[in-house]
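Note: the block below is upload-v6.txt and it holds compact mmCIF, C-alpha atoms.
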# COMPACT_ATOMS: atom_id res chain seq x y z
CA MET A 299 294.76 -6.23 -131.05
CA ASN A 300 297.01 -6.98 -134.04
CA ARG A 301 298.64 -10.31 -134.80
CA HIS A 302 302.09 -9.08 -133.75
CA SER A 303 300.82 -7.98 -130.33
CA SER A 304 298.98 -11.26 -129.80
CA ARG A 305 302.11 -13.22 -130.66
CA SER A 306 304.21 -11.13 -128.24
CA ILE A 307 301.75 -11.71 -125.42
CA CYS A 308 301.68 -15.45 -126.11
CA LEU A 309 305.49 -15.61 -126.09
CA ALA A 310 305.59 -13.67 -122.82
CA LEU A 311 303.10 -16.05 -121.24
CA ILE A 312 305.12 -19.05 -122.41
CA VAL A 313 308.30 -17.60 -120.91
CA LEU A 314 306.50 -16.80 -117.65
CA PHE A 315 305.03 -20.31 -117.49
CA THR A 316 308.43 -21.85 -118.19
CA LEU A 317 310.20 -19.81 -115.53
CA THR A 318 307.48 -20.56 -112.99
CA GLY A 319 307.67 -24.25 -113.77
CA GLN A 320 311.44 -24.24 -113.36
CA ALA A 321 311.15 -22.47 -110.01
CA GLN A 322 308.64 -24.98 -108.72
CA ASP A 323 310.70 -27.92 -109.97
CA ARG A 324 314.15 -26.92 -108.67
CA ALA A 325 314.00 -29.52 -105.90
CA ALA A 326 312.81 -32.40 -108.07
CA TRP A 327 316.26 -33.97 -107.90
CA MET A 328 315.94 -34.26 -104.12
CA GLN A 329 313.08 -36.73 -104.55
CA GLN A 330 315.24 -38.79 -106.87
CA ALA A 331 318.29 -38.65 -104.61
CA ARG A 332 316.10 -39.52 -101.58
CA TRP A 333 318.82 -39.04 -98.96
CA GLY A 334 322.12 -37.38 -98.20
CA VAL A 335 324.74 -36.67 -95.52
CA MET A 336 325.61 -33.51 -93.61
CA ASN A 337 328.81 -32.62 -91.77
CA HIS A 338 329.39 -29.73 -89.34
CA TYR A 339 333.01 -28.83 -90.09
CA LEU A 340 333.39 -25.90 -87.70
CA ALA A 341 336.56 -24.42 -86.21
CA ASP A 342 335.28 -24.09 -82.64
CA TRP A 343 333.69 -27.56 -82.64
CA ILE A 344 336.88 -29.17 -83.93
CA ALA A 345 338.99 -27.30 -81.37
CA ARG A 346 336.71 -28.49 -78.57
CA ASN A 347 336.36 -32.08 -79.77
CA GLU A 348 340.05 -32.59 -80.52
CA LYS A 349 341.36 -30.41 -77.66
CA MET A 350 343.37 -27.97 -79.74
CA GLU A 351 343.88 -24.22 -79.80
CA MET A 352 342.36 -22.60 -82.86
CA SER A 353 344.04 -19.81 -84.78
CA VAL A 354 344.06 -18.54 -88.35
CA GLU A 355 347.26 -20.46 -89.04
CA ARG A 356 345.89 -23.65 -87.50
CA TRP A 357 342.60 -23.28 -89.38
CA ASN A 358 344.39 -23.01 -92.70
CA GLU A 359 346.51 -26.05 -91.86
CA LEU A 360 343.35 -28.06 -91.18
CA ILE A 361 341.61 -26.89 -94.34
CA ASP A 362 344.71 -27.60 -96.45
CA ALA A 363 344.87 -31.14 -95.03
CA PHE A 364 341.14 -31.88 -95.47
CA ASP A 365 340.92 -35.15 -97.41
CA VAL A 366 338.30 -34.37 -100.07
CA GLU A 367 338.96 -37.57 -102.03
CA GLY A 368 338.75 -39.68 -98.90
CA LEU A 369 335.45 -38.11 -97.86
CA ALA A 370 334.05 -38.42 -101.38
CA ASN A 371 334.98 -42.11 -101.36
CA GLN A 372 333.15 -42.59 -98.08
CA LEU A 373 330.02 -40.86 -99.37
CA ASP A 374 330.16 -42.84 -102.59
CA SER A 375 330.58 -46.12 -100.72
CA VAL A 376 327.39 -45.57 -98.69
CA GLY A 377 325.34 -44.40 -101.68
CA ALA A 378 324.57 -40.84 -100.55
CA GLY A 379 322.88 -38.78 -103.26
CA TYR A 380 324.04 -35.40 -101.98
CA TYR A 381 326.33 -33.82 -99.41
CA LEU A 382 325.73 -30.77 -97.19
CA ILE A 383 328.62 -29.00 -95.42
CA THR A 384 328.85 -25.92 -93.21
CA ILE A 385 330.67 -22.92 -94.68
CA GLY A 386 331.01 -21.56 -91.14
CA GLN A 387 328.94 -20.61 -88.14
CA ASN A 388 329.46 -18.72 -84.86
CA SER A 389 333.26 -18.72 -84.59
CA GLY A 390 333.76 -16.46 -87.60
CA TYR A 391 336.02 -19.03 -89.29
CA TYR A 392 334.91 -20.00 -92.80
CA LEU A 393 336.19 -22.76 -95.08
CA SER A 394 336.26 -20.63 -98.21
CA PRO A 395 337.75 -17.20 -98.99
CA ASN A 396 335.41 -14.23 -99.32
CA ALA A 397 336.77 -10.76 -100.12
CA THR A 398 333.40 -9.11 -99.48
CA TYR A 399 333.25 -10.50 -95.95
CA ASP A 400 336.85 -9.49 -95.26
CA GLY A 401 336.14 -5.99 -96.55
CA TYR A 402 333.22 -5.55 -94.20
CA VAL A 403 334.71 -7.03 -91.01
CA GLY A 404 338.32 -5.87 -91.47
CA ILE A 405 339.86 -8.80 -89.61
CA ARG A 406 343.51 -9.41 -90.56
CA PRO A 407 344.72 -12.02 -91.15
CA SER A 408 341.43 -13.26 -92.53
CA LYS A 409 339.54 -16.02 -90.73
CA CYS A 410 338.28 -17.18 -94.13
CA SER A 411 340.50 -20.03 -95.33
CA ARG A 412 342.92 -19.57 -98.19
CA ARG A 413 341.80 -22.83 -99.80
CA ASP A 414 338.32 -22.90 -101.28
CA LEU A 415 337.25 -26.18 -99.73
CA VAL A 416 333.79 -26.00 -101.29
CA ALA A 417 335.22 -25.80 -104.81
CA ASP A 418 337.61 -28.69 -104.10
CA LEU A 419 334.82 -30.80 -102.63
CA TYR A 420 332.85 -30.30 -105.82
CA GLU A 421 335.71 -31.65 -107.91
CA ALA A 422 335.83 -34.82 -105.82
CA LEU A 423 332.07 -35.28 -105.45
CA SER A 424 331.10 -34.54 -109.04
CA LYS A 425 333.27 -37.41 -110.29
CA ARG A 426 331.06 -39.67 -108.19
CA ARG A 427 327.78 -37.97 -109.20
CA ILE A 428 327.14 -36.67 -105.68
CA ARG A 429 325.52 -33.24 -105.49
CA LEU A 430 326.92 -30.51 -103.23
CA MET A 431 324.97 -28.26 -100.86
CA VAL A 432 326.15 -25.68 -98.31
CA TYR A 433 324.99 -24.44 -94.90
CA LEU A 434 325.22 -20.88 -93.61
CA PRO A 435 323.58 -19.07 -90.67
CA SER A 436 321.20 -16.24 -91.51
CA GLY A 437 322.93 -14.04 -88.92
CA ALA A 438 326.45 -12.85 -88.18
CA PRO A 439 328.95 -15.12 -86.36
CA GLY A 440 327.77 -14.69 -82.77
CA GLY A 441 331.11 -15.71 -81.25
CA ASP A 442 333.08 -13.03 -83.12
CA ARG A 443 332.32 -9.62 -81.63
CA THR A 444 334.40 -7.73 -84.19
CA ALA A 445 332.53 -9.27 -87.09
CA THR A 446 329.13 -8.89 -85.42
CA GLU A 447 329.64 -5.16 -84.84
CA ALA A 448 331.12 -4.53 -88.28
CA LEU A 449 328.22 -6.29 -89.96
CA GLN A 450 325.71 -4.31 -87.81
CA TRP A 451 323.95 -7.43 -86.56
CA ARG A 452 321.41 -7.39 -83.72
CA ARG A 453 320.16 -10.76 -82.52
CA GLY A 454 316.43 -10.71 -81.99
CA PRO A 455 313.19 -9.56 -83.66
CA TYR A 456 314.71 -6.60 -85.50
CA ARG A 457 314.59 -5.46 -89.13
CA ASN A 458 318.41 -5.76 -89.40
CA ARG A 459 318.27 -4.02 -92.78
CA GLU A 460 321.90 -2.85 -92.83
CA PHE A 461 323.16 -6.27 -91.80
CA GLN A 462 321.06 -8.12 -94.36
CA LEU A 463 322.21 -5.91 -97.22
CA LYS A 464 325.81 -6.76 -96.31
CA TRP A 465 325.12 -10.43 -95.71
CA GLU A 466 323.45 -10.84 -99.08
CA GLN A 467 326.56 -9.41 -100.74
CA VAL A 468 328.73 -11.91 -98.86
CA ILE A 469 326.45 -14.76 -99.98
CA ARG A 470 326.37 -13.44 -103.53
CA GLU A 471 330.18 -13.56 -103.82
CA TRP A 472 330.27 -17.22 -102.84
CA SER A 473 327.33 -18.10 -105.07
CA VAL A 474 328.77 -16.39 -108.15
CA ARG A 475 332.19 -17.99 -107.64
CA TRP A 476 330.79 -21.50 -107.21
CA GLY A 477 328.12 -21.24 -109.89
CA THR A 478 326.48 -24.57 -110.64
CA LYS A 479 328.97 -26.43 -108.44
CA VAL A 480 326.67 -25.74 -105.49
CA GLU A 481 323.10 -26.96 -105.97
CA GLY A 482 321.55 -26.03 -102.65
CA TRP A 483 321.66 -23.71 -99.63
CA TRP A 484 320.39 -24.38 -96.11
CA PHE A 485 320.10 -21.16 -94.08
CA ASP A 486 319.98 -21.57 -90.32
CA GLY A 487 318.53 -19.34 -87.63
CA CYS A 488 315.61 -17.68 -89.45
CA TYR A 489 313.88 -17.28 -86.10
CA TRP A 490 312.23 -13.88 -86.72
CA PRO A 491 310.80 -14.09 -90.26
CA ASN A 492 308.14 -11.42 -89.71
CA SER A 493 310.63 -8.87 -88.40
CA MET A 494 313.45 -9.53 -90.88
CA TYR A 495 312.20 -11.02 -94.12
CA ARG A 496 308.45 -10.55 -94.65
CA GLN A 497 308.80 -6.99 -95.86
CA ALA A 498 307.27 -4.83 -98.57
CA ASP A 499 310.70 -3.99 -99.99
CA PRO A 500 314.19 -5.58 -100.01
CA PRO A 501 316.00 -6.92 -98.16
CA ASP A 502 313.44 -9.66 -97.74
CA PHE A 503 312.99 -13.36 -98.42
CA GLY A 504 313.06 -12.68 -102.16
CA SER A 505 316.37 -10.79 -102.17
CA PHE A 506 317.86 -13.31 -99.70
CA ALA A 507 317.01 -16.22 -102.01
CA ALA A 508 318.18 -14.27 -105.06
CA ALA A 509 321.61 -13.74 -103.49
CA ALA A 510 321.97 -17.47 -102.93
CA ARG A 511 320.92 -18.18 -106.54
CA ALA A 512 323.11 -15.45 -108.06
CA GLY A 513 325.54 -18.02 -109.44
CA ASN A 514 323.05 -20.83 -110.03
CA PRO A 515 319.40 -19.88 -110.69
CA ASN A 516 318.38 -23.51 -110.17
CA SER A 517 319.94 -23.80 -106.72
CA VAL A 518 317.48 -24.98 -104.05
CA VAL A 519 317.08 -22.84 -100.94
CA ALA A 520 315.63 -23.54 -97.49
CA PHE A 521 315.19 -21.24 -94.48
CA ASN A 522 315.29 -22.86 -91.05
CA PRO A 523 312.96 -21.47 -88.34
CA GLY A 524 314.35 -23.84 -85.68
CA VAL A 525 313.36 -27.25 -84.37
CA TYR A 526 309.72 -28.09 -85.07
CA ASN A 527 308.40 -31.63 -85.29
CA ARG A 528 305.53 -30.44 -87.45
CA LEU A 529 307.33 -29.30 -90.57
CA ARG A 530 306.29 -26.09 -92.28
CA SER A 531 307.43 -23.70 -94.97
CA LEU A 532 308.34 -20.09 -94.18
CA THR A 533 308.00 -18.56 -97.64
CA PRO A 534 307.26 -19.31 -101.29
CA HIS A 535 310.86 -18.24 -101.98
CA GLU A 536 312.20 -21.52 -100.57
CA ASP A 537 312.27 -24.76 -102.56
CA TYR A 538 312.41 -27.33 -99.78
CA LEU A 539 311.66 -27.54 -96.07
CA ALA A 540 314.65 -27.06 -93.76
CA GLY A 541 313.18 -29.87 -91.67
CA GLU A 542 315.41 -29.68 -88.57
CA ILE A 543 314.32 -32.15 -85.89
CA ASN A 544 316.06 -33.69 -82.90
CA GLU A 545 314.11 -36.94 -82.76
CA PRO A 546 313.64 -38.57 -86.18
CA ASN A 547 310.71 -40.67 -84.97
CA ALA A 548 308.73 -37.56 -83.95
CA VAL A 549 308.31 -35.97 -87.39
CA ASP A 550 304.82 -34.73 -88.28
CA LEU A 551 304.26 -34.73 -92.05
CA ARG A 552 300.52 -34.07 -92.13
CA ARG A 553 299.21 -32.64 -95.41
CA ALA A 554 302.28 -33.74 -97.37
CA VAL A 555 301.32 -35.05 -100.81
CA ASP A 556 303.75 -36.63 -103.30
CA GLY A 557 306.73 -35.28 -101.39
CA LYS A 558 305.41 -31.71 -101.32
CA HIS A 559 303.92 -29.60 -98.54
CA ASP A 560 302.16 -26.47 -99.73
CA GLY A 561 304.14 -26.66 -102.96
CA VAL A 562 307.55 -27.08 -101.25
CA GLN A 563 309.70 -30.22 -101.28
CA VAL A 564 309.48 -32.10 -97.97
CA HIS A 565 312.86 -32.63 -96.34
CA VAL A 566 313.90 -33.91 -92.91
CA LEU A 567 317.26 -33.24 -91.23
CA SER A 568 318.35 -35.02 -88.05
CA TYR A 569 321.56 -36.35 -86.49
CA LEU A 570 323.06 -39.76 -85.76
CA GLY A 571 325.49 -38.73 -83.00
CA GLN A 572 324.69 -37.80 -79.40
CA ARG A 573 324.24 -34.21 -80.55
CA TRP A 574 324.62 -32.31 -83.79
CA GLY A 575 328.05 -33.10 -85.19
CA THR A 576 329.40 -34.88 -82.10
CA GLY A 577 329.46 -38.13 -80.17
CA GLU A 578 329.07 -41.82 -80.95
CA PRO A 579 326.00 -43.35 -82.64
CA ARG A 580 322.94 -42.85 -80.43
CA PHE A 581 320.65 -45.25 -82.34
CA SER A 582 320.80 -48.86 -83.40
CA THR A 583 321.37 -49.41 -87.09
CA GLU A 584 317.99 -51.14 -87.29
CA ASP A 585 316.23 -48.01 -86.02
CA VAL A 586 318.18 -45.75 -88.36
CA VAL A 587 317.20 -47.89 -91.35
CA ARG A 588 313.56 -48.08 -90.27
CA TRP A 589 313.26 -44.31 -89.78
CA SER A 590 315.05 -43.70 -93.08
CA ARG A 591 312.49 -45.80 -94.88
CA GLU A 592 309.62 -44.07 -93.10
CA ARG A 593 310.95 -40.56 -93.69
CA THR A 594 311.60 -41.04 -97.42
CA ARG A 595 308.20 -42.43 -98.31
CA ASN A 596 306.12 -40.66 -100.93
CA GLY A 597 308.90 -38.52 -102.36
CA CYS A 598 310.30 -36.98 -99.15
CA ALA A 599 314.05 -36.39 -98.76
CA LEU A 600 316.18 -37.13 -95.68
CA THR A 601 319.56 -35.84 -94.51
CA TRP A 602 321.56 -37.47 -91.73
CA ASP A 603 324.10 -35.32 -89.87
CA VAL A 604 327.24 -37.24 -88.90
CA PRO A 605 330.32 -36.16 -86.92
CA ILE A 606 333.45 -35.47 -88.94
CA ARG A 607 337.08 -35.49 -87.82
CA SER A 608 339.56 -32.69 -88.51
CA ASN A 609 341.05 -34.67 -91.42
CA GLY A 610 337.69 -34.58 -93.21
CA LEU A 611 336.70 -38.20 -92.66
CA MET A 612 333.83 -39.85 -90.78
CA SER A 613 334.42 -42.68 -88.32
CA GLN A 614 333.67 -46.30 -89.19
CA PRO A 615 330.62 -46.81 -86.89
CA PHE A 616 328.78 -44.03 -88.74
CA ILE A 617 329.93 -45.28 -92.14
CA GLU A 618 328.42 -48.66 -91.29
CA GLN A 619 325.09 -47.08 -90.36
CA LEU A 620 325.04 -44.94 -93.49
CA ALA A 621 325.92 -47.94 -95.63
CA ALA A 622 322.92 -49.77 -94.19
CA VAL A 623 320.73 -46.77 -95.08
CA GLY A 624 322.12 -46.73 -98.60
CA LYS A 625 321.46 -50.43 -99.02
CA ALA A 626 317.87 -50.03 -97.79
CA LEU A 627 317.05 -46.93 -99.84
CA GLY A 628 319.16 -47.52 -102.88
CA GLY A 629 322.42 -45.70 -103.65
CA HIS A 630 322.86 -42.70 -105.91

Represent the structure contained in this file as structure tokens.
Amino acid sequence: MNRHSSRSICLALIVLFTLTGQAQDRAAWMQQARWGVMNHYLADWIARNEKMEMSVERWNELIDAFDVEGLANQLDSVGAGYYLITIGQNSGYYLSPNATYDGYVGIRPSKCSRRDLVADLYEALSKRRIRLMVYLPSGAPGGDRTATEALQWRRGPYRNREFQLKWEQVIREWSVRWGTKVEGWWFDGCYWPNSMYRQADPPDFGSFAAAARAGNPNSVVAFNPGVYNRLRSLTPHEDYLAGEINEPNAVDLRRAVDGKHDGVQVHVLSYLGQRWGTGEPRFSTEDVVRWSRERTRNGCALTWDVPIRSNGLMSQPFIEQLAAVGKALGGH
């Protein structure tokens, strides 16, 4: 082997080592941030909670009136290190435009908002050094039959190859547009990983994660298998555990070391209201603080889901609980 060949191999190994190290370390900032806040801002939930009729026109009015500066001030005041918001879910209404989605489903007028709320949230949050993450289901909007059929989605243990190819293109458009503004994705409903994603060829977990990272290669990704008290990773292609639990005192973190479980950042997600995104506080502030301390020990990260009103603000009782968490854990 000549000197030139040896040098080329060494350089290749260095590049490979560097890229591998970066991939393994994407979620390091979550350990430093320690905790964050999630909001379910969903058209059907808002319509139900505030007793209003939802329409495309009404949805755009709500998105246009969303107080990004007010919400950013609230998050800053409690010391949250990051913020996670739903792009959309089962209703088929989304809080950001997406031409790829519109092209596939053919719904006119579009149920994707005119305003890019994610981009505007970044502008408000970044000034306060709060990182932005987004939530999206891994399946089509189940409450929108037109979209479900157009996207060729079948709910259940199916390959769903045609759907996934389309869905990855939808995700890719958002990711490329937002770039480094979005630093994390939380994908819900990955209930059939063997059938859909553990495949010998794309679409699979690798192509799914790649679509989410198309605009930001350092974006952290998690795939949620559902509610399990004993947290576990689904694939090496995710950077942190989705960590969805209903009871924050029931978490099982066995085999977690230095905030990692099988090489993946440990993360717990639970809710402070009566249910996800709704209701009044169900816990005492003392319990919330105690569980927050327990959950964030040894490098683990914690996200609290809190109800949000149609104007984009959280109510004072929840702000008080979050402020107590921030005081106990240290603000961003």

Exercise. Got a sec: who's within 9 Å of Ala448 (chain A), counting all atoms listed in the file, leaving out chain neighbours fewer than 4 positions off, as a PyMOL selection string?
Worked result: chain A and resi 402-404+443-444+461

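Nearest residue to Gly557 (chain A), choosing from A:Asp442, A:Asp537, A:Asp374, A:Glu351 and counting only C-alpha atoms: A:Asp537.
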
For this session: Could you tell me how far CA of Asn516 (chain A) lies from CA of Asn396 (chain A), in Å and to one decimal?
Result: 22.2 Å

Exercise. Excluding same-chain residues fewer than 4 positions from Pro500 (chain A), what lies within 10 Å of it counting only C-alpha atoms, as a PyMOL selection string?
Worked result: chain A and resi 459+462-463+494-496+504-506

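As for CA of Val519 (chain A) and CA of Val562 (chain A), they are spaced 10.4 Å apart.
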
Exercise. Could you work out how far CA of Gly379 (chain A) lies from CA of Val525 (chain A), giving the answer in Å with one decimal?
Worked result: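 Taking CA of Val525 (chain A) and CA of Gly379 (chain A), their separation equals 24.1 Å.
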
Exercise. Residues at most 7 Å from Pro579 (chain A), counting only C-alpha atoms, excluding those fewer than 5 positions away in the same chain, as JSON, numbers by chain?
Worked result: {"A": [570, 571, 572, 616]}

Go ahead and dump the residues you just picked, C-alpha atoms, as a compact mmCIF listing (two decimals), in the frame of the given file.
# COMPACT_ATOMS: atom_id res chain seq x y z
CA LEU A 570 323.06 -39.76 -85.76
CA GLY A 571 325.49 -38.73 -83.00
CA GLN A 572 324.69 -37.80 -79.40
CA PHE A 616 328.78 -44.03 -88.74

Would you tabulate, counting all atoms listed in the file, all residues of region 526-591 of chain A that have an atom at most 12 Å from an atom of region 595-600 of chain A, showing the closest pair of atoms and their distance in Å to one decimal, sorted by chain then ascending number, as a tab-separated table?
residue	atom	partner	partner_atom	distance
A:Leu529	CA	A:Cys598	CA	11.9
A:Tyr538	CA	A:Ala599	CA	9.3
A:Leu539	CA	A:Ala599	CA	9.6
A:Ala540	CA	A:Leu600	CA	10.4
A:Gly541	CA	A:Leu600	CA	8.8
A:Glu542	CA	A:Leu600	CA	10.3
A:Ile543	CA	A:Leu600	CA	11.1
A:Pro546	CA	A:Leu600	CA	9.9
A:Val549	CA	A:Leu600	CA	11.5
A:Leu551	CA	A:Cys598	CA	9.6
A:Arg553	CA	A:Asn596	CA	11.9
A:Ala554	CA	A:Asn596	CA	8.7
A:Val555	CA	A:Asn596	CA	7.4
A:Asp556	CA	A:Asn596	CA	5.2
A:Gly557	CA	A:Gly597	CA	4.0
A:Lys558	CA	A:Cys598	CA	7.5
A:His559	CA	A:Cys598	CA	9.8
A:Val562	CA	A:Cys598	CA	10.5
A:Gln563	CA	A:Cys598	CA	7.1
A:Val564	CA	A:Cys598	CA	5.1
A:His565	CA	A:Ala599	CA	4.6
A:Val566	CA	A:Leu600	CA	4.8
A:Leu567	CA	A:Leu600	CA	6.0
A:Ser568	CA	A:Leu600	CA	8.2
A:Tyr569	CA	A:Leu600	CA	10.7
A:Val586	CA	A:Leu600	CA	11.5
A:Val587	CA	A:Leu600	CA	11.6
A:Arg588	CA	A:Arg595	CA	11.2
A:Trp589	CA	A:Leu600	CA	9.7
A:Ser590	CA	A:Leu600	CA	7.2
A:Arg591	CA	A:Arg595	CA	6.4

For this session: Please work out which residues fall within 8 Å of (328.3, -11.6, -94.7), coordinates as given in the file, with all atoms listed in the file counting, and return them as a PyMOL selection string.
Result: chain A and resi 398-399+402+438+449+461+464-469

Using the selection just defined, write its residues with C-alpha atoms as a CSV table (one decimal), in the coordinates of the input.
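And here's result-v2.csv as it stands now:
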chain,number,residue,atom,x,y,z
A,398,THR,CA,333.4,-9.1,-99.5
A,399,TYR,CA,333.2,-10.5,-96.0
A,402,TYR,CA,333.2,-5.6,-94.2
A,438,ALA,CA,326.4,-12.8,-88.2
A,449,LEU,CA,328.2,-6.3,-90.0
A,461,PHE,CA,323.2,-6.3,-91.8
A,464,LYS,CA,325.8,-6.8,-96.3
A,465,TRP,CA,325.1,-10.4,-95.7
A,466,GLU,CA,323.4,-10.8,-99.1
A,467,GLN,CA,326.6,-9.4,-100.7
A,468,VAL,CA,328.7,-11.9,-98.9
A,469,ILE,CA,326.4,-14.8,-100.0

With 3 Å added on each side, what axis-aligned box encloses every listed atom of region 611-626 of chain A? Give the centre and edge lengths in Å to one decimal, as lines of an AutoDock Vina configuration file.
center_x = 327.3
center_y = -44.3
center_z = -93.0
size_x = 24.8
size_y = 18.2
size_z = 18.1

Problem set entry | Shortest interatomic distance to Trp602 (chain A) - which of A:Leu532, A:Ala621, A:Ala363, A:Ala507, counting all atoms listed in the file |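 Smallest separation from Trp602 (chain A) among the options: A:Ala621.
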
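Nearest-residue note for Pro395 (chain A): choosing from A:Leu382, A:Cys410, A:Ala508, A:Ala548, the minimum distance belongs to A:Cys410, counting only C-alpha atoms.
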
Exercise. Within 12 Å of Met350 (chain A), counting all atoms listed in the file, which residues qualify if same-chain residues fewer than 6 places away don't, as a list in words?
Worked result: Ala341, Asp342, Trp343, Ile344, Arg356, Trp357, Leu360 and Ser608 of chain A

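Taking only C-alpha atoms into account, Trp490 (chain A) lies nearest to A:Arg453 out of the set A:Lys625, A:His535, A:Arg593, A:Arg453.
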
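Closest approach to Ile617 (chain A) among A:Asp486, A:Trp327, A:Arg552, A:Leu369: A:Leu369, based on only C-alpha atoms.
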
Exercise. Which polymer residues have any atom within 6 Å of an atom of region 424-434 of chain A, counting only C-alpha atoms, with same-chain residues fewer than 3 positions away left out, as a ChimeraX atom specification?
Worked result: /A:379-385,420-421,480-485

For this session: Around the point (334.1, -29.5, -82.0) in the file's coordinates, collect all residues with an atom within 10 Å, using all atoms listed in the file, and return them as number ranges by chain.
Result: A: 338-350, 575-577, 605-608

For this session: Could you tell me which of A:Glu584, A:Arg457, A:Gly561, A:Gly524 comes closest to Arg324 (chain A) if we count all atoms listed in the file?
Result: A:Gly561
